[in-house]
Every structure is written in structure tokens, then in C-alpha cells.
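Structure file final08.csv; described as CSV, C-alpha atoms and all ligand atoms.
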chain,number,residue,atom,x,y,z
B,1,MET,CA,4.0,-6.7,-20.1
B,2,ASN,CA,6.3,-9.6,-20.4
B,3,LYS,CA,5.4,-12.6,-22.5
B,4,PHE,CA,5.2,-15.8,-20.6
B,5,THR,CA,8.1,-18.1,-21.6
B,6,PRO,CA,10.0,-20.5,-19.3
B,7,GLN,CA,12.9,-18.1,-19.6
B,8,SER,CA,11.0,-14.9,-18.8
B,9,ASN,CA,9.3,-16.7,-15.9
B,10,LYS,CA,12.5,-18.1,-14.4
B,11,GLU,CA,14.1,-14.7,-14.7
B,12,PHE,CA,11.1,-13.1,-12.9
B,13,TRP,CA,11.4,-15.6,-10.0
B,14,ASN,CA,15.1,-15.2,-9.8
B,15,ASN,CA,14.7,-11.5,-9.4
B,16,TYR,CA,11.8,-12.0,-6.9
B,17,ALA,CA,14.0,-14.3,-4.8
B,18,LYS,CA,16.7,-11.6,-4.5
B,19,LYS,CA,14.0,-9.2,-3.1
B,20,SER,CA,11.9,-11.5,-1.0
B,21,LYS,CA,14.7,-13.7,0.4
B,22,ASP,CA,13.5,-15.4,3.6
B,23,ASN,CA,9.9,-14.1,3.5
B,24,PRO,CA,8.0,-16.7,5.6
B,25,HIS,CA,4.9,-16.4,3.4
B,26,GLY,CA,6.9,-17.3,0.3
B,27,ALA,CA,5.9,-15.8,-3.0
B,28,HIS,CA,2.5,-14.2,-2.3
B,29,SER,CA,1.7,-10.6,-1.5
B,30,ASP,CA,-1.4,-11.4,0.6
B,31,TYR,CA,-0.3,-13.3,3.7
B,32,HIS,CA,-3.9,-14.0,4.6
B,33,VAL,CA,-4.3,-16.2,1.5
B,34,VAL,CA,-1.0,-18.0,2.4
B,35,GLU,CA,-2.2,-18.6,6.0
B,36,LEU,CA,-5.5,-20.1,4.8
B,37,GLU,CA,-3.7,-22.2,2.1
B,38,ASN,CA,-1.3,-23.5,4.8
B,39,ARG,CA,-4.2,-24.3,7.1
B,40,PHE,CA,-5.8,-26.4,4.3
B,41,ILE,CA,-2.6,-28.2,3.5
B,42,ILE,CA,-1.7,-28.9,7.1
B,43,ASN,CA,-5.2,-30.3,7.8
B,44,GLU,CA,-4.8,-32.6,4.8
B,45,LEU,CA,-1.3,-33.7,5.9
B,46,LYS,CA,-2.6,-34.4,9.4
B,47,SER,CA,-5.4,-36.6,7.9
B,48,LYS,CA,-2.8,-39.3,6.8
B,49,LYS,CA,0.8,-40.4,7.3
B,50,THR,CA,3.4,-39.0,4.9
B,51,PHE,CA,6.7,-40.7,4.5
B,52,SER,CA,8.0,-39.0,1.4
B,53,LEU,CA,6.9,-35.5,0.2
B,54,LEU,CA,7.8,-33.5,-2.8
B,55,ASP,CA,7.1,-29.7,-2.9
B,56,ILE,CA,7.2,-28.6,-6.6
B,57,GLY,CA,8.1,-24.9,-7.3
B,58,CYS,CA,9.1,-24.6,-3.6
B,59,GLY,CA,10.4,-21.1,-4.0
B,60,ASN,CA,12.4,-20.0,-0.9
B,61,GLY,CA,11.6,-23.2,0.9
B,62,GLN,CA,10.0,-21.6,3.9
B,63,ARG,CA,6.7,-23.4,3.3
B,64,THR,CA,8.4,-26.7,2.5
B,65,LEU,CA,10.1,-26.5,5.9
B,66,MET,CA,6.8,-26.0,7.6
B,67,PHE,CA,5.2,-28.9,5.7
B,68,SER,CA,8.1,-31.1,6.8
B,69,LYS,CA,6.9,-30.7,10.4
B,70,PHE,CA,3.8,-32.7,9.5
B,71,THR,CA,5.6,-35.6,7.7
B,72,GLU,CA,7.6,-38.5,9.1
B,73,GLY,CA,10.1,-39.1,6.2
B,74,LYS,CA,12.1,-37.5,3.5
B,75,VAL,CA,10.9,-34.1,2.2
B,76,LYS,CA,12.3,-32.6,-1.0
B,77,GLY,CA,11.7,-29.1,-2.4
B,78,ILE,CA,12.5,-28.4,-6.1
B,79,ASP,CA,12.4,-25.2,-8.1
B,80,TYR,CA,14.0,-24.2,-11.4
B,81,SER,CA,14.9,-20.8,-10.1
B,82,GLU,CA,18.6,-20.9,-8.9
B,83,GLU,CA,18.1,-17.9,-6.7
B,84,MET,CA,15.0,-19.4,-5.0
B,85,ILE,CA,17.0,-22.6,-4.3
B,86,SER,CA,19.9,-20.6,-3.0
B,87,GLU,CA,17.6,-19.0,-0.4
B,88,ALA,CA,16.1,-22.5,0.4
B,89,LYS,CA,19.6,-23.9,0.9
B,90,LYS,CA,20.5,-21.1,3.4
B,91,LEU,CA,17.3,-22.0,5.3
B,92,HIS,CA,18.3,-25.7,5.3
B,93,LEU,CA,21.7,-24.8,6.8
B,94,MET,CA,20.0,-23.2,9.8
B,95,GLN,CA,18.0,-26.3,10.8
B,96,ASP,CA,19.0,-28.9,13.4
B,97,GLU,CA,20.5,-32.2,12.3
B,98,ALA,CA,17.2,-34.2,12.5
B,99,ILE,CA,15.5,-31.9,10.0
B,100,LYS,CA,18.6,-31.4,7.9
B,101,ASN,CA,18.8,-35.1,7.3
B,102,ARG,CA,15.2,-35.4,6.1
B,103,LEU,CA,14.9,-32.2,4.1
B,104,SER,CA,16.7,-31.3,0.8
B,105,PHE,CA,16.4,-28.6,-1.9
B,106,GLU,CA,17.4,-29.1,-5.5
B,107,ILE,CA,17.4,-27.0,-8.7
B,108,GLU,CA,15.1,-29.1,-10.9
B,109,ASP,CA,12.5,-28.5,-13.6
B,110,VAL,CA,9.1,-30.1,-13.0
B,111,ASN,CA,9.2,-31.4,-16.5
B,112,ASN,CA,12.4,-33.3,-15.7
B,113,LEU,CA,12.0,-34.7,-12.2
B,114,LYS,CA,14.7,-37.0,-10.9
B,115,ASP,CA,13.0,-39.0,-8.2
B,116,SER,CA,9.8,-41.0,-8.1
B,117,TYR,CA,7.3,-42.8,-5.7
B,118,PHE,CA,6.4,-39.9,-3.4
B,119,ASP,CA,3.4,-40.6,-1.3
B,120,THR,CA,2.6,-36.9,-1.2
B,121,ILE,CA,3.2,-34.1,-3.7
B,122,ILE,CA,2.4,-30.4,-2.9
B,123,SER,CA,2.2,-27.6,-5.4
B,124,CYS,CA,1.6,-24.0,-4.2
B,125,ARG,CA,1.0,-22.1,-7.4
B,126,CYS,CA,3.4,-24.1,-9.5
B,127,PHE,CA,0.6,-25.2,-11.8
B,128,ILE,CA,-0.6,-21.7,-12.5
B,129,ASN,CA,3.0,-20.8,-13.2
B,130,GLN,CA,3.0,-23.1,-16.3
B,131,PRO,CA,2.8,-21.4,-19.8
B,132,SER,CA,-0.3,-23.2,-21.1
B,133,GLU,CA,-3.3,-25.4,-20.3
B,134,ASN,CA,-1.6,-28.3,-22.1
B,135,ASP,CA,1.5,-27.8,-19.9
B,136,GLN,CA,-0.8,-27.9,-16.8
B,137,ILE,CA,-2.4,-31.2,-18.0
B,138,LYS,CA,1.0,-32.6,-18.8
B,139,LEU,CA,2.2,-31.7,-15.3
B,140,PHE,CA,-0.8,-33.6,-13.7
B,141,ASN,CA,0.3,-36.6,-15.8
B,142,THR,CA,3.9,-36.3,-14.9
B,143,LEU,CA,3.1,-36.1,-11.2
B,144,TYR,CA,0.7,-39.1,-11.5
B,145,ASP,CA,3.7,-41.1,-12.8
B,146,LYS,CA,5.9,-39.9,-9.9
B,147,MET,CA,3.4,-40.8,-7.2
B,148,ALA,CA,3.0,-44.0,-5.2
B,149,GLN,CA,-0.4,-45.8,-5.4
B,150,ASN,CA,-3.2,-44.0,-3.5
B,151,GLY,CA,-0.7,-41.1,-3.2
B,152,SER,CA,-1.8,-37.5,-2.5
B,153,LEU,CA,-1.5,-34.5,-4.7
B,154,ILE,CA,-2.3,-31.3,-2.7
B,155,ILE,CA,-2.5,-28.1,-4.7
B,156,ALA,CA,-3.0,-24.5,-3.8
B,157,GLU,CA,-3.7,-22.7,-7.1
B,158,GLN,CA,-6.2,-20.3,-8.6
B,159,SER,CA,-9.4,-21.1,-10.5
B,160,MET,CA,-10.3,-19.2,-13.7
B,161,GLU,CA,-14.0,-19.9,-13.1
B,162,GLY,CA,-13.6,-18.7,-9.5
B,163,ILE,CA,-12.0,-15.4,-10.7
B,164,GLN,CA,-14.8,-15.0,-13.3
B,165,ARG,CA,-17.6,-15.4,-10.7
B,166,LEU,CA,-15.7,-13.0,-8.4
B,167,ASN,CA,-15.4,-10.5,-11.2
B,168,LYS,CA,-19.2,-10.8,-11.9
B,169,ILE,CA,-20.1,-9.9,-8.4
B,170,ARG,CA,-17.4,-7.1,-8.3
B,171,GLU,CA,-19.1,-5.6,-11.4
B,172,ARG,CA,-22.4,-5.3,-9.5
B,173,PHE,CA,-20.5,-3.1,-7.0
B,174,ASN,CA,-18.9,-1.1,-9.9
B,175,LEU,CA,-15.5,-2.6,-9.2
B,176,GLU,CA,-12.9,-3.2,-12.0
B,177,PRO,CA,-12.2,-6.9,-12.8
B,178,ILE,CA,-9.3,-8.5,-11.0
B,179,ASN,CA,-6.2,-8.5,-13.2
B,180,ILE,CA,-4.4,-11.7,-13.9
B,181,ARG,CA,-0.6,-11.3,-13.7
B,182,TRP,CA,1.3,-12.2,-16.9
B,183,TYR,CA,3.1,-15.1,-15.2
B,184,ASN,CA,-0.1,-16.7,-13.9
B,185,LEU,CA,-2.5,-18.9,-15.7
B,186,PRO,CA,-5.4,-19.8,-13.4
B,187,ILE,CA,-6.7,-23.4,-13.9
B,188,LYS,CA,-9.7,-23.7,-16.2
B,189,GLU,CA,-11.5,-26.4,-14.2
B,190,ASN,CA,-13.9,-27.2,-17.1
B,191,ILE,CA,-11.0,-28.1,-19.4
B,192,VAL,CA,-8.2,-29.3,-17.1
B,193,PHE,CA,-10.2,-31.3,-14.5
B,194,ASP,CA,-12.1,-33.0,-17.3
B,195,LYS,CA,-8.8,-34.2,-18.8
B,196,ILE,CA,-7.5,-35.7,-15.5
B,197,LYS,CA,-10.6,-37.3,-14.2
B,198,ASP,CA,-9.3,-40.8,-14.9
B,199,LEU,CA,-6.1,-40.1,-12.9
B,200,PHE,CA,-7.4,-38.7,-9.6
B,201,ASN,CA,-10.3,-38.7,-7.2
B,202,ILE,CA,-11.0,-35.5,-5.3
B,203,LYS,CA,-10.8,-35.9,-1.5
B,204,SER,CA,-11.3,-32.3,-0.4
B,205,ILE,CA,-11.7,-29.0,-2.2
B,206,ASN,CA,-11.9,-25.4,-1.0
B,207,ARG,CA,-12.0,-22.0,-2.7
B,208,LEU,CA,-11.7,-19.6,0.3
B,209,GLY,CA,-14.9,-17.9,-0.9
B,210,THR,CA,-15.8,-16.2,2.3
B,211,PHE,CA,-12.4,-14.6,2.6
B,212,TYR,CA,-12.4,-13.6,-1.1
B,213,TYR,CA,-15.9,-12.0,-0.8
B,214,ILE,CA,-14.9,-9.9,2.2
B,215,SER,CA,-11.4,-9.0,1.0
B,216,ARG,CA,-12.0,-8.6,-2.8
B,217,VAL,CA,-15.6,-7.2,-2.7
B,218,ILE,CA,-16.6,-5.7,0.6
B,219,ASN,CA,-13.1,-4.2,1.4
B,220,PRO,CA,-12.7,-2.5,-2.0
B,221,ALA,CA,-16.3,-1.3,-2.1
B,222,LEU,CA,-15.8,0.2,1.4
B,223,SER,CA,-12.5,1.8,0.4
B,224,PHE,CA,-13.6,3.2,-3.0
B,225,PRO,CA,-12.2,5.4,-4.6
B,226,ASP,CA,-9.0,4.6,-2.6
B,227,GLU,CA,-7.2,1.3,-3.0
B,228,PRO,CA,-8.1,-1.3,-0.4
B,229,LYS,CA,-5.4,-2.0,2.1
B,230,PRO,CA,-4.3,-5.7,2.3
B,231,ASN,CA,-3.4,-5.4,6.0
B,232,SER,CA,-6.7,-3.8,7.0
B,233,LYS,CA,-8.8,-5.0,9.9
B,234,ILE,CA,-11.6,-6.1,7.6
B,235,ASN,CA,-9.3,-8.6,5.9
B,236,GLU,CA,-8.4,-10.0,9.3
B,237,ILE,CA,-12.2,-10.4,9.9
B,238,GLY,CA,-12.4,-12.1,6.4
B,239,LEU,CA,-9.7,-14.6,7.5
B,240,LYS,CA,-11.5,-15.4,10.7
B,241,SER,CA,-14.9,-15.6,9.0
B,242,GLU,CA,-13.4,-18.0,6.4
B,243,VAL,CA,-12.2,-20.3,9.2
B,244,ILE,CA,-15.5,-20.1,11.2
B,245,PHE,CA,-17.7,-20.6,8.1
B,246,GLN,CA,-15.6,-23.6,6.9
B,247,GLU,CA,-16.2,-25.2,10.4
B,248,MET,CA,-19.9,-24.4,10.3
B,249,PHE,CA,-20.9,-25.0,6.7
B,250,GLY,CA,-18.0,-26.7,4.9
B,251,GLN,CA,-18.5,-26.6,1.2
B,252,ASN,CA,-22.2,-25.5,1.6
B,253,CYS,CA,-21.3,-21.9,2.4
B,254,THR,CA,-23.1,-19.5,0.0
B,255,PHE,CA,-20.0,-17.4,-0.5
B,256,GLU,CA,-17.8,-20.4,-1.5
B,257,GLU,CA,-18.3,-19.9,-5.3
B,258,PHE,CA,-16.7,-16.4,-5.1
B,259,GLY,CA,-13.4,-17.9,-4.1
B,260,ALA,CA,-10.6,-17.4,-6.6
B,261,GLN,CA,-8.4,-20.1,-5.0
B,262,LEU,CA,-8.4,-23.7,-5.8
B,263,LEU,CA,-7.3,-25.8,-2.9
B,264,VAL,CA,-7.6,-29.5,-3.8
B,265,HIS,CA,-6.5,-32.8,-2.2
B,266,PHE,CA,-6.4,-35.3,-5.1
B,267,ILE,CA,-5.9,-39.1,-4.5
B,268,LYS,CA,-4.2,-41.1,-7.2
B,269,LYS,CA,-6.6,-43.7,-8.7
B,301,LIG,C1,4.2,-18.5,-7.3
B,301,LIG,S1,5.8,-19.1,-6.9
B,301,LIG,C2,5.5,-20.1,-5.5
B,301,LIG,C3,6.6,-20.4,-4.7
B,301,LIG,C4,6.3,-21.3,-3.4
B,301,LIG,N1,5.6,-22.5,-3.7
B,301,LIG,C5,5.5,-20.4,-2.4
B,301,LIG,O1,4.3,-20.8,-2.2
B,301,LIG,O2,6.0,-19.5,-1.9
B,301,LIG,C6,6.0,-20.3,-8.2
B,301,LIG,C7,7.3,-21.1,-8.2
B,301,LIG,O3,7.3,-22.1,-9.2
B,301,LIG,C8,8.6,-22.2,-9.8
B,301,LIG,N2,8.4,-22.8,-11.1
B,301,LIG,C9,7.7,-22.4,-12.1
B,301,LIG,N3,7.8,-23.3,-13.2
B,301,LIG,C10,8.7,-24.2,-12.8
B,301,LIG,C11,9.2,-25.4,-13.4
B,301,LIG,N4,8.9,-25.7,-14.7
B,301,LIG,N5,10.0,-26.2,-12.7
B,301,LIG,C12,10.4,-25.9,-11.4
B,301,LIG,N6,9.9,-24.8,-10.8
B,301,LIG,C13,9.1,-24.0,-11.5
B,301,LIG,C14,9.0,-20.7,-9.9
B,301,LIG,O4,10.4,-20.6,-10.0
B,301,LIG,C15,8.5,-20.1,-8.5
B,301,LIG,O5,9.5,-20.2,-7.5
Go ahead and render the structure in this file as C-alpha cells.
Amino acid sequence: MNKFTPQSNKEFWNNYAKKSKDNPHGAHSDYHVVELENRFIINELKSKKTFSLLDIGCGNGQRTLMFSKFTEGKVKGIDYSEEMISEAKKLHLMQDEAIKNRLSFEIEDVNNLKDSYFDTIISCRCFINQPSENDQIKLFNTLYDKMAQNGSLIIAEQSMEGIQRLNKIRERFNLEPINIRWYNLPIKENIVFDKIKDLFNIKSINRLGTFYYISRVINPALSFPDEPKPNSKINEIGLKSEVIFQEMFGQNCTFEEFGAQLLVHFIKK
């Protein structure tokens, strides 16, 4: 297993970019999760007007391009992986002039951002791609400084507590705990959220619990001893159930606490 350092992580994403290229779901193996994350982010973007958006750790830029369709002004995607930004720039070249003029992609490290005063910042798994909790807390502070007053920070990350609750229920079905990849550090909400409570209010939060319960408990329990198939019909049902249950019960859905995701819309205080 690789040790997480900024160098090993960047090397990993450079290699990933060479393989995944223009994958519309970006850097995630489960497209259902990406679709549900996108649905959350787009709903939040639609709930307000966005004139300047920054997508940190934008990867191949496919999702940045999609988010740009729900904003009115400049959209910038940054990533420290040169190969990811090279893919994003190819995508940029293929757009019509109106989008090209509003959208840009740059090689930048989140710890050294060039521009400020974004009214919206999005992070799809850039926080969990930081080497330590202190780096995650530092990143919240950095983004706070780069945001306009009442600005939005929308994150699609993973929750350590969510994974632990999911693993507990998996244990009851004799399923192995879910492995955390070496380059991911799910957010420990008890620690990190406590440190940022003076910076942001939470407008919306979602953990995709229904989808996780169906795809990470029912599907593997049904498939056992074979590996569950990510593209199986039951995961499709999981996605649809997640959408329906969110509409019907919101955050009061019983399954919600088994969600390993952490989708949050923060508003700068
Ligand atoms: C899990 S991938 C997500 C990519 C994209 N947001 C998506 O959803 O497809 C995480 C991305 O964050 C980038 N990243 C990690 N740490 C970074 C840093 N310090 N500065 C800029 N980018 C970073 C990686 O290079 C990688 O492309």
C-alpha cells in the first residue's frame, strides 16, 4: 500500500487521468454515487444565483462543465494533477464560444489558490484527498478566506462516522468492513465540523443512506459469497429508492444514518 504524501497522491491521480480520460463520471468507480452527488449539487445550485464558481480538485473537468450550466458567470476548475488538467483543457477546447469564455481550467494546488471572492466553491472528494485532518481543517479555513460574504461551499465527500455505522450493520450480515483506500481520508465529523462551526452554517446535508443500505448491505448479502456487481439491477433500484425517499422523508429517513457520503451545502457566516 502506498503512503499518502502529496507526491504519491498526485502521481496516483496523474496515472488515473491517463486511464480514465474523458469519463463523464470523473474519478469514481460507482456511477450511481456520482449521479446522486450531482443531483444534490445541482439542486443546491438551482436554489440560488451563482456568478463565480470554483471547483477544487476538478479532475478531468467533466463535472465542472456540467456545474457551469447552472451558473451565470465565470467557472474555474483547478487541480494539481497536470494530467487531469490536460484532459480538462481538451474538454474546454470542444465547447462553444459562450461556454469557453466563462470556463477555465488551471493547474493549481488548493493550498496556494490564486483567485478570491467566489460566491460558490464546490469540492467533489478533494477534502478526503488531503493527507490529514489538520489539512482538511486548514482547507476549510482557506476556502472561507476565498469566498464572498454569504457564499456557498458545497462538498461531496465521505464521512468516517457514516462508514463506521455502515460497517456495524454490515457486520450483522456477516459482511467484511468496507476498506478505505490509501488516498482517502473520510471526514471525521466529530472533530472537523466542531473546528469549523464558527465559519459556516449548514443549509442542507445528505448522506445517501437509502442507496448505501441497498447497494452496500442488501446487494452484497444477496450476492454472497460472490462479489456484488456495481451495475446490478438492485443498485438501480437503490438509486431510485434514494430519490423517492428523499422526496418523501428528507433527512428523517430511517436509513439515512447508514450513508457513507457527506453531501453538505455550507453558507459562509
Ligand atoms: C477523487 S478525485 C475527484 C476528481 C473530481 N472532482 C471528480 O469528482 O471526478 C480528487 C482530485 O483532487 C485532486 N487534488 C487532491 N489534492 C489536491 C490539492 N492539494 N490541490 C489540487 N488538487 C488536488 C486530485 O488530483 C484529484 O484529481
_Which residue is closest to ligand LIG 301 (chain B)? Choose from B:Lys3, B:Arg39, B:Arg125, B:Lys18 and count only C-alpha atoms and all ligand atoms._
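Once distances to ligand LIG 301 (chain B) are computed over only C-alpha atoms and all ligand atoms, the minimum belongs to B:Arg125.
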*Please check which protein, DNA or RNA residues sit within 7 Å of ligand LIG 301 (chain B), counting only C-alpha atoms and all ligand atoms, and write them as a VMD selection string.*
chain B and resid 10 13 25 to 28 56 to 60 63 78 to 81 84 108 to 111 123 to 126 129 to 130
*From the list B:Ala221, B:Lys195, B:Glu72, B:Glu44, which residue is nearest B:Ile234 when using all atoms listed in the file?*
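Smallest separation from B:Ile234 among the options: B:Ala221.
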*What is the distance between atom CA of B:Phe140 and atom CA of B:Val192, in Å to one decimal?*
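Computing it gives 9.2 Å between the two atoms.
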*Which residues, written as a PyMOL selection string, have at least one atom at most 9 Å from B:Ile99, with all atoms listed in the file counted and residues fewer than 6 positions away on the same chain left out?*
chain B and resi 65+68-69+92
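Summary of the local environment: counting all atoms listed in the file, residues at most 6 Å from stretch 196-209 of chain B, other than itself and those fewer than 6 positions away along its chain, are Phe255, Glu256, Glu257, Phe258, Gly259, Gln261, Leu262, Leu263, Val264, His265, Phe266, Ile267, Lys268 and Lys269 of chain B.
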For stretch 125-176 of chain B versus stretch 182-189 of chain B, which residues have an atom no more than 6 Å away, and what is each residue's nearest atom pair and distance in Å rounded to one decimal, using all atoms listed in the file, chain-then-number order, as JSON lines?
{"residue": "B:Ile128", "atom": "CA", "partner": "B:Leu185", "partner_atom": "CA", "distance": 4.7}
{"residue": "B:Asn129", "atom": "CA", "partner": "B:Asn184", "partner_atom": "CA", "distance": 5.2}
{"residue": "B:Gln158", "atom": "CA", "partner": "B:Pro186", "partner_atom": "CA", "distance": 4.9}
{"residue": "B:Ser159", "atom": "CA", "partner": "B:Ile187", "partner_atom": "CA", "distance": 4.9}
{"residue": "B:Met160", "atom": "CA", "partner": "B:Pro186", "partner_atom": "CA", "distance": 4.9}
*asked:* Just want the 12 Å neighbourhood of B:Leu113, counted on all atoms listed in the file, with same-chain residues fewer than 6 positions away dropped. Output as a ChimeraX atom specification.
replied: /B:54-57,76-80,106-107,139,142-143,145-147
